[in-house]
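Pasted below: protein-v8.pdb, PDB, C-alpha atoms.
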```
ATOM      1  CA  MET A   1       2.674  -3.650  39.401  1.00  0.00           C
ATOM      2  CA  THR A   2       2.452  -4.210  35.701  1.00  0.00           C
ATOM      3  CA  ALA A   3       1.591  -7.514  34.081  1.00  0.00           C
ATOM      4  CA  CYS A   4       5.170  -7.899  32.823  1.00  0.00           C
ATOM      5  CA  SER A   5       6.702  -7.468  36.252  1.00  0.00           C
ATOM      6  CA  ARG A   6       4.420 -10.167  37.651  1.00  0.00           C
ATOM      7  CA  ASN A   7       5.052 -12.661  34.864  1.00  0.00           C
ATOM      8  CA  PRO A   8       8.032 -11.754  32.677  1.00  0.00           C
ATOM      9  CA  LEU A   9       7.973 -15.070  30.806  1.00  0.00           C
ATOM     10  CA  VAL A  10       4.509 -14.375  29.396  1.00  0.00           C
ATOM     11  CA  CYS A  11       5.592 -10.907  28.263  1.00  0.00           C
ATOM     12  CA  ALA A  12       8.731 -12.280  26.628  1.00  0.00           C
ATOM     13  CA  LEU A  13       6.769 -14.954  24.770  1.00  0.00           C
ATOM     14  CA  ALA A  14       4.159 -12.431  23.638  1.00  0.00           C
ATOM     15  CA  THR A  15       6.877 -10.130  22.310  1.00  0.00           C
ATOM     16  CA  VAL A  16       8.549 -12.945  20.370  1.00  0.00           C
ATOM     17  CA  LEU A  17       5.205 -14.091  18.974  1.00  0.00           C
ATOM     18  CA  LEU A  18       4.314 -10.590  17.766  1.00  0.00           C
ATOM     19  CA  PHE A  19       7.725 -10.257  16.128  1.00  0.00           C
ATOM     20  CA  LEU A  20       7.377 -13.574  14.322  1.00  0.00           C
ATOM     21  CA  ILE A  21       3.887 -12.791  13.063  1.00  0.00           C
ATOM     22  CA  GLY A  22       5.005  -9.430  11.666  1.00  0.00           C
ATOM     23  CA  THR A  23       8.027 -10.786   9.810  1.00  0.00           C
ATOM     24  CA  ALA A  24       6.503 -13.978   8.397  1.00  0.00           C
ATOM     25  CA  GLU A  25       4.479 -12.327   5.634  1.00  0.00           C
ATOM     26  CA  ALA A  26       7.325 -10.129   4.379  1.00  0.00           C
ATOM     27  CA  ALA A  27       9.860 -12.942   4.413  1.00  0.00           C
ATOM     28  CA  THR A  28       8.550 -14.733   1.339  1.00  0.00           C
ATOM     29  CA  GLN A  29       9.611 -13.704  -2.131  1.00  0.00           C
ATOM     30  CA  GLN A  30       5.990 -13.381  -3.222  1.00  0.00           C
ATOM     31  CA  GLY A  31       5.235 -11.130  -0.250  1.00  0.00           C
ATOM     32  CA  GLN A  32       8.149  -8.890  -1.126  1.00  0.00           C
ATOM     33  CA  LEU A  33       6.993  -8.669  -4.751  1.00  0.00           C
ATOM     34  CA  VAL A  34       3.476  -7.724  -3.688  1.00  0.00           C
ATOM     35  CA  ASN A  35       4.822  -4.995  -1.393  1.00  0.00           C
ATOM     36  CA  THR A  36       7.032  -3.648  -4.182  1.00  0.00           C
ATOM     37  CA  ASN A  37       4.111  -3.586  -6.614  1.00  0.00           C
ATOM     38  CA  TRP A  38       1.884  -1.760  -4.110  1.00  0.00           C
ATOM     39  CA  ARG A  39       4.615   0.819  -3.461  1.00  0.00           C
ATOM     40  CA  THR A  40       5.088   1.369  -7.198  1.00  0.00           C
ATOM     41  CA  ALA A  41       1.339   1.723  -7.787  1.00  0.00           C
ATOM     42  CA  ASP A  42       1.143   4.192  -4.900  1.00  0.00           C
ATOM     43  CA  LYS A  43       3.956   6.260  -6.439  1.00  0.00           C
ATOM     44  CA  CYS A  44       2.078   6.292  -9.748  1.00  0.00           C
ATOM     45  CA  ALA A  45      -1.054   7.547  -8.000  1.00  0.00           C
ATOM     46  CA  LYS A  46       0.912  10.278  -6.207  1.00  0.00           C
ATOM     47  CA  GLN A  47       2.552  11.399  -9.451  1.00  0.00           C
ATOM     48  CA  ALA A  48      -0.826  11.565 -11.194  1.00  0.00           C
ATOM     49  CA  GLN A  49      -2.327  13.548  -8.297  1.00  0.00           C
ATOM     50  CA  ALA A  50       0.625  15.962  -8.306  1.00  0.00           C
ATOM     51  CA  ALA A  51       0.353  16.472 -12.069  1.00  0.00           C
ATOM     52  CA  TYR A  52      -3.395  17.176 -11.978  1.00  0.00           C
ATOM     53  CA  PRO A  53      -4.368  18.370  -8.470  1.00  0.00           C
ATOM     54  CA  ASP A  54      -7.664  20.041  -9.455  1.00  0.00           C
ATOM     55  CA  HIS A  55     -10.939  18.190  -9.007  1.00  0.00           C
ATOM     56  CA  SER A  56     -12.616  19.267 -12.221  1.00  0.00           C
ATOM     57  CA  ALA A  57     -13.947  16.641 -14.604  1.00  0.00           C
ATOM     58  CA  GLU A  58     -11.149  17.408 -17.072  1.00  0.00           C
ATOM     59  CA  SER A  59      -8.412  17.070 -14.430  1.00  0.00           C
ATOM     60  CA  ASN A  60      -9.944  13.862 -13.119  1.00  0.00           C
ATOM     61  CA  ALA A  61      -9.913  12.354 -16.608  1.00  0.00           C
ATOM     62  CA  LYS A  62      -6.314  13.443 -17.210  1.00  0.00           C
ATOM     63  CA  ARG A  63      -5.283  12.108 -13.778  1.00  0.00           C
ATOM     64  CA  ASP A  64      -6.894   8.747 -14.539  1.00  0.00           C
ATOM     65  CA  ALA A  65      -5.126   8.584 -17.899  1.00  0.00           C
ATOM     66  CA  LYS A  66      -1.758   9.432 -16.332  1.00  0.00           C
ATOM     67  CA  LEU A  67      -2.274   6.812 -13.618  1.00  0.00           C
ATOM     68  CA  LYS A  68      -3.253   4.176 -16.185  1.00  0.00           C
ATOM     69  CA  GLU A  69      -0.205   5.039 -18.308  1.00  0.00           C
ATOM     70  CA  CYS A  70       2.180   4.792 -15.349  1.00  0.00           C
ATOM     71  CA  LEU A  71       0.723   1.467 -14.214  1.00  0.00           C
ATOM     72  CA  ALA A  72       1.047   0.118 -17.758  1.00  0.00           C
ATOM     73  CA  ILE A  73       4.717   1.145 -17.882  1.00  0.00           C
ATOM     74  CA  TYR A  74       5.420  -0.952 -14.780  1.00  0.00           C
ATOM     75  CA  ASN A  75       3.136  -3.781 -15.979  1.00  0.00           C
ATOM     76  CA  LEU A  76       0.769  -3.401 -13.019  1.00  0.00           C
ATOM     77  CA  ALA A  77      -2.964  -4.039 -12.929  1.00  0.00           C
ATOM     78  CA  PRO A  78      -5.086  -0.967 -13.703  1.00  0.00           C
ATOM     79  CA  ARG A  79      -7.153   0.611 -10.959  1.00  0.00           C
ATOM     80  CA  GLU A  80     -10.786   1.567 -11.152  1.00  0.00           C
ATOM     81  CA  PRO A  81     -11.041   5.108 -12.580  1.00  0.00           C
ATOM     82  CA  LEU A  82     -11.071   7.780  -9.889  1.00  0.00           C
ATOM     83  CA  SER A  83     -13.156  10.213 -11.932  1.00  0.00           C
ATOM     84  CA  GLN A  84     -16.350   8.157 -11.710  1.00  0.00           C
ATOM     85  CA  PRO A  85     -18.423   8.477  -8.529  1.00  0.00           C
ATOM     86  CA  PRO A  86     -19.004   5.255  -6.560  1.00  0.00           C
ATOM     87  CA  ARG A  87     -22.340   3.552  -7.104  1.00  0.00           C
TER      88      ARG A  87
END
```
Let's see the structure in the file written out as C-alpha coordinates.
Amino acid sequence: MTACSRNPLVCALATVLLFLIGTAEAATQQGQLVNTNWRTADKCAKQAQAAYPDHSAESNAKRDAKLKECLAIYNLAPREPLSQPPR
(Lines of atoms letter the chains of each structure in order from A and count residues from 1; the text may use other names and numbers.)
(Lines give C-alpha, C1' and ligand atoms only; values in the text may rest on other atoms or scores of the structure.)
Protein backbone atom coordinates (compact mmCIF):
# COMPACT_ATOMS: atom_id res chain seq x y z
CA MET A 1 0.00 0.00 0.00
CA THR A 2 1.23 3.45 -0.81
CA ALA A 3 0.83 6.45 1.45
CA CYS A 4 -1.72 7.98 -0.93
CA SER A 5 -3.95 4.93 -0.93
CA ARG A 6 -4.01 4.93 2.87
CA ASN A 7 -4.75 8.63 3.22
CA PRO A 8 -5.85 10.26 -0.04
CA LEU A 9 -6.80 13.54 1.65
CA VAL A 10 -3.22 14.16 2.78
CA CYS A 11 -1.92 13.45 -0.73
CA ALA A 12 -4.49 15.78 -2.29
CA LEU A 13 -3.62 18.59 0.12
CA ALA A 14 0.11 18.10 -0.46
CA THR A 15 -0.40 18.27 -4.22
CA VAL A 16 -2.42 21.48 -3.98
CA LEU A 17 0.14 23.02 -1.63
CA LEU A 18 3.03 22.22 -3.97
CA PHE A 19 1.10 23.71 -6.89
CA LEU A 20 0.36 26.91 -5.01
CA ILE A 21 3.95 27.35 -3.87
CA GLY A 22 5.26 26.93 -7.42
CA THR A 23 2.88 29.43 -9.00
CA ALA A 24 2.98 32.15 -6.33
CA GLU A 25 6.40 33.54 -7.25
CA ALA A 26 5.72 33.71 -10.99
CA ALA A 27 2.30 35.29 -10.56
CA THR A 28 3.54 38.74 -9.62
CA GLN A 29 4.47 41.28 -12.24
CA GLN A 30 7.87 41.80 -10.65
CA GLY A 31 8.53 38.05 -10.69
CA GLN A 32 7.67 37.88 -14.36
CA LEU A 33 10.00 40.80 -15.12
CA VAL A 34 12.86 39.16 -13.24
CA ASN A 35 12.34 35.90 -15.15
CA THR A 36 12.28 37.77 -18.46
CA ASN A 37 15.49 39.62 -17.60
CA TRP A 38 17.25 36.39 -16.60
CA ARG A 39 16.16 34.72 -19.85
CA THR A 40 17.41 37.69 -21.88
CA ALA A 41 20.75 37.75 -20.05
CA ASP A 42 21.10 34.00 -20.61
CA LYS A 43 20.48 34.48 -24.35
CA CYS A 44 23.17 37.17 -24.42
CA ALA A 45 25.63 34.81 -22.74
CA LYS A 46 24.81 32.03 -25.22
CA GLN A 47 25.25 34.37 -28.18
CA ALA A 48 28.62 35.54 -26.86
CA GLN A 49 29.75 31.94 -26.28
CA ALA A 50 28.64 30.94 -29.79
CA ALA A 51 30.47 33.89 -31.34
CA TYR A 52 33.73 33.19 -29.51
CA PRO A 53 33.83 29.50 -28.48
CA ASP A 54 37.62 29.27 -27.98
CA HIS A 55 39.11 29.59 -24.51
CA SER A 56 42.12 31.69 -25.40
CA ALA A 57 42.71 34.97 -23.61
CA GLU A 58 41.79 36.90 -26.76
CA SER A 59 38.51 35.00 -27.24
CA ASN A 60 37.63 35.38 -23.58
CA ALA A 61 38.11 39.15 -23.80
CA LYS A 62 36.04 39.37 -26.99
CA ARG A 63 33.33 37.17 -25.44
CA ASP A 64 33.18 39.41 -22.37
CA ALA A 65 32.92 42.51 -24.56
CA LYS A 66 30.13 40.97 -26.65
CA LEU A 67 28.25 39.93 -23.51
CA LYS A 68 28.62 43.40 -21.99
CA GLU A 69 27.42 45.00 -25.24
CA CYS A 70 24.35 42.75 -25.46
CA LEU A 71 23.42 43.36 -21.82
CA ALA A 72 23.77 47.11 -22.35
CA ILE A 73 21.44 46.96 -25.37
CA TYR A 74 18.72 45.40 -23.21
CA ASN A 75 19.53 47.70 -20.25
CA LEU A 76 20.52 44.80 -18.00
CA ALA A 77 23.10 44.78 -15.23
CA PRO A 78 26.59 43.74 -16.36
CA ARG A 79 28.02 40.43 -15.21
CA GLU A 80 31.42 39.85 -13.72
CA PRO A 81 33.91 39.27 -16.56
CA LEU A 82 34.31 35.60 -17.45
CA SER A 83 37.90 35.98 -18.62
CA GLN A 84 39.31 36.60 -15.13
CA PRO A 85 39.95 33.56 -12.93
CA PRO A 86 38.08 33.46 -9.60
CA ARG A 87 40.05 34.55 -6.56
List the residues selected by the PyMOL selection byres ((chain A and resi 64) around 9) in the file shown, writing them as a count of residues only. 17
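Reported to one decimal place, the separation of CA of Val34 in chain A from CA of Pro78 in chain A is 14.8 Å.
Restricting the calculation to all atoms listed in the file, the smallest distance between Cys70 in chain A and any of A:Cys44, A:Ala51, A:Val16, A:Leu9 is found for A:Cys44.
Taking CA of Phe19 in chain A as the reference point, CA of Thr40 in chain A is found at 26.2 Å.
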Exercise on range 40-52 of chain A, axis-aligned box with 4 Å per side, report centre and edge lengths in Å to one decimal, as AutoDock Vina command-line options:
```
--center_x 0.8 --center_y 9.3 --center_z -8.5 --size_x 16.5 --size_y 23.8 --size_z 15.2
```
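We find CA of Trp38 in chain A and CA of Leu76 in chain A to be spaced 9.1 Å apart.
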